[in-house]
Amino acid sequence: MTETGSPDSLTVEVGAHGELVVTGDIDIAGGPILDSAITDREEHGPVVIDVAAVSFIDSSGLRSLLGAARRARGRDEVVALRNVGAEVARLLEITGTTEQFEISAASDPSPAGSGESADSDGAGE
Amino acid sequence: MTETGSPDSLTVEVGAHGELVVTGDIDIAGGPILDSAITDREEHGPVVIDVAAVSFIDSSGLRSLLGAARRARGRDEVVALRNVGAEVARLLEITGTTEQFEISAASDPSPAGSGESADSDGAGE
Amino acid sequence: MARVNERGMIGPVEIRVPPDPSLSKVLRLAASGVASLAGYTVDEIDDIKIAVSEVLIALIEHGRGESIDVQFVVDSHTFTVRGRTPMEGFDVNDPDLQLCRTVLEGVCADHGIDQVDSNAQIWATVEHLSI
Amino acid sequence: MARVNERGMIGPVEIRVPPDPSLSKVLRLAASGVASLAGYTVDEIDDIKIAVSEVLIALIEHGRGESIDVQFVVDSHTFTVRGRTPMEGFDVNDPDLQLCRTVLEGVCADHGIDQVDSNAQIWATVEHLSI
Ligand SMILES: Nc1ncnc2c1ncn2[C@@H]1O[C@H](COP(=O)(O)OP(=O)(O)O)[C@@H](O)[C@H]1O
Ligand SMILES: Nc1ncnc2c1ncn2[C@@H]1O[C@H](COP(=O)(O)OP(=O)(O)O)[C@@H](O)[C@H]1O
């Protein structure tokens, strides 16, 4: 086996419908990666973020999402979070910020992502 | 969800054919658990150890296996290791101790275990 | 196995790291491992991971860029993460800390953010509900 | 992201633990996390986990029962784990250490077992083959 480890704990790709597909941990290291992916995307219309494969989020990750939501309101838009799993839902709830987004849960019949939160550890243990 | 974490990094169960089924890490914490399971088993005839679900082994784990092999030779027996995966094979090879056991690899057509090395981390990340 | 000592404790595990954001994940991994050994549930471990992350955020964003000390003190009832980094005049009322504080309130039984001597210090305790 | 500093390094990550066998897994987890961040391959990470474990075995079995210091120093070419624990008269030729040594020879590019001042010290280096 010669697969490499995953040096980035967060990756963001643009999906088939222009949505940002986020994989990994949105933490103090991943937040800035997500930030710049979101600002790049904002020029192209309302931001949709698929968080099915987000395995962890903390307040620095949430700040990236809240910043996007604030900027979207300035444009009379709203940020959509797709396939929201337990981790993301919990943090939104704790901080009372759920209403700042258009949310669809992982189980909703909506544009399907992988549908499951990936274990993106990559740490081999 | 209310599953508990797995406080023991190693568990040993007795399988349907009297073989010891080892799951987890055979390290300086797990070695003694394996030791006592093996000595309990020795009274009942030749020791067979299924290591399909062993995800890690180091020299302290190997010492448990080598001790069992030595005691078995004293009884004109041999310790059988079943479903030997890459981790165990590598350590036996490095230390030149492969010949002290009767080995069947994970791919051999033999009493099937789970056939795959479990990620027994249990650490939730 | 003498995994848990006479007082039902694991550790303490003390970790010193540079204030590198990418090490947040390493500290979560280490904390998860310790909590798992101590028999914490998956949900409790999720809370512990968030608590560890919030401690790191506060210290990395507000510290002076020197090393950060993190300590895990664990027994069968509580998992406490304590963190500190050298810094003078830590403004514990800084609005930037408010979101950290809200999150810690949500996932922890108790927490604190203080200036102690010439260190910024943060601690958070997650409880283990024995069944 | 300033994950790897100017000299291509992560860390150092310094961890102090009591000589508790069950913490070996926690140290492997932390080492795996650091090596994964640094882009090491799965096979290299397997070797690093073994190296970390061997360092712990030697220090837990031969030390005086006080704390053990472990340090990970990582750059894009090498992952070095260093461990030490207070102890006088560490017999580096103890036959019990022979199996550790054989394993370290198998998985590491280089290693050493020494008495330095009043500490037993062990280090091991695993190489990262950039592709
Ligand atoms: N608030 C804290 N945050 C992180 N680590 C701590 C903290 N307090 C103590 N430590 C760790 O405990 C060790 C002992 O520190 P010391 O100041 O002597 O003890 P204490 O502060 O517990 O009285 C230090 O090496 C440090 O790593
Ligand atoms: N051989 C070693 N094994 C484990 N940790 C070490 C080792 N050497 C140094 N450290 C760690 O590095 C820190 C600095 O130790 P110090 O003795 O001042 O440096 P050094 O030995 O690198 O010159 C210590 O807190 C210790 O945790």
# chains A, B, ... in the order shown; residues from 1 in each chain; ligands from 1

call {"tool": "residues_around", "arguments": {"residues": "region 80-82 of chain A", "least_positions_apart": "4", "cutoff": "6 Å", "atoms": "only C-alpha atoms", "output": "list in words"}}
result
Val48, Ile49, Asp50, Phe101, Glu102, Ile103 and Ser104 of chain A

call {"tool": "closest_atom_pairs", "arguments": {"of": "chain A", "to": "chain C", "cutoff": "7 Å", "atoms": "only C-alpha atoms", "output": "tab-separated table"}}
result
residue	atom	partner	partner_atom	distance
A:Ile28	CA	C:Pro21	CA	5.5
A:Ala29	CA	C:Pro21	CA	4.7
A:Asp58	CA	C:Ile50	CA	5.9
A:Ser59	CA	C:Cys100	CA	5.9
A:Ile94	CA	C:Gly106	CA	5.4
A:Thr95	CA	C:Thr102	CA	6.2

call {"tool": "residues_around", "arguments": {"residues": "Arg73 (chain A)", "least_positions_apart": "5", "cutoff": "12 Å", "atoms": "only C-alpha atoms", "output": "tab-separated table (two decimals) with N, CA, C and O atoms, in the first residue's frame"}}
result
chain	number	residue	atom	x	y	z
A	42	GLU	N	-19.15	32.86	-3.80
A	42	GLU	CA	-20.23	33.84	-3.64
A	42	GLU	C	-20.53	34.62	-4.92
A	42	GLU	O	-21.67	35.03	-5.15
A	46	PRO	N	-26.25	32.21	-4.91
A	46	PRO	CA	-26.46	31.70	-3.55
A	46	PRO	C	-25.57	30.50	-3.23
A	46	PRO	O	-25.39	29.62	-4.06
A	47	VAL	N	-25.03	30.52	-2.02
A	47	VAL	CA	-24.09	29.48	-1.61
A	47	VAL	C	-24.83	28.29	-1.02
A	47	VAL	O	-25.66	28.43	-0.13
A	66	LEU	N	-21.23	31.36	9.75
A	66	LEU	CA	-22.00	32.55	10.14
A	66	LEU	C	-21.60	33.77	9.31
A	66	LEU	O	-22.43	34.61	8.96
A	67	GLY	N	-20.31	33.85	9.00
A	67	GLY	CA	-19.84	34.95	8.16
A	67	GLY	C	-20.48	34.87	6.78
A	67	GLY	O	-20.93	35.89	6.23
A	68	ALA	N	-20.54	33.68	6.24
A	68	ALA	CA	-21.18	33.48	4.93
A	68	ALA	C	-22.66	33.85	5.00
A	68	ALA	O	-23.19	34.50	4.09
A	78	VAL	N	-29.68	33.52	1.13
A	78	VAL	CA	-29.50	32.74	2.34
A	78	VAL	C	-28.55	31.58	2.01
A	78	VAL	O	-28.52	31.10	0.87
A	79	VAL	N	-27.72	31.21	2.97
A	79	VAL	CA	-26.81	30.08	2.76
A	79	VAL	C	-27.57	28.79	3.07
A	79	VAL	O	-28.21	28.68	4.12
A	100	GLN	N	-30.25	30.89	10.98
A	100	GLN	CA	-29.51	31.73	10.02
A	100	GLN	C	-29.26	31.01	8.71
A	100	GLN	O	-28.68	31.59	7.79
A	101	PHE	N	-29.66	29.73	8.64
A	101	PHE	CA	-29.39	28.96	7.42
A	101	PHE	C	-30.68	28.32	6.91
A	101	PHE	O	-31.64	28.16	7.66
A	102	GLU	N	-30.64	27.93	5.65
A	102	GLU	CA	-31.70	27.07	5.13
A	102	GLU	C	-31.15	25.65	5.26
A	102	GLU	O	-30.17	25.29	4.61

call {"tool": "calpha_fit_rmsd", "arguments": {"fixed": "chain A", "moving": "chain B"}}
result
0.1 Å

call {"tool": "select_by_dssp", "arguments": {"residues": "chain D", "states": "strand (DSSP E or B)", "output": "ChimeraX atom specification"}}
result
/D:9-17,41,68-75,78-86,110-116,119-127

call {"tool": "residues_around", "arguments": {"residues": "Phe72 (chain D)", "least_positions_apart": "4", "cutoff": "8 Å", "atoms": "only C-alpha atoms", "output": "MDAnalysis selection string"}}
result
chainID D and resid 11:14 31 79:82

call {"tool": "residues_around", "arguments": {"residues": "region 19-22 of chain B", "least_positions_apart": "5", "cutoff": "9 Å", "atoms": "only C-alpha atoms", "output": "PyMOL selection string"}}
result
chain B and resi 10-14+34+37-38+41+47-54+113
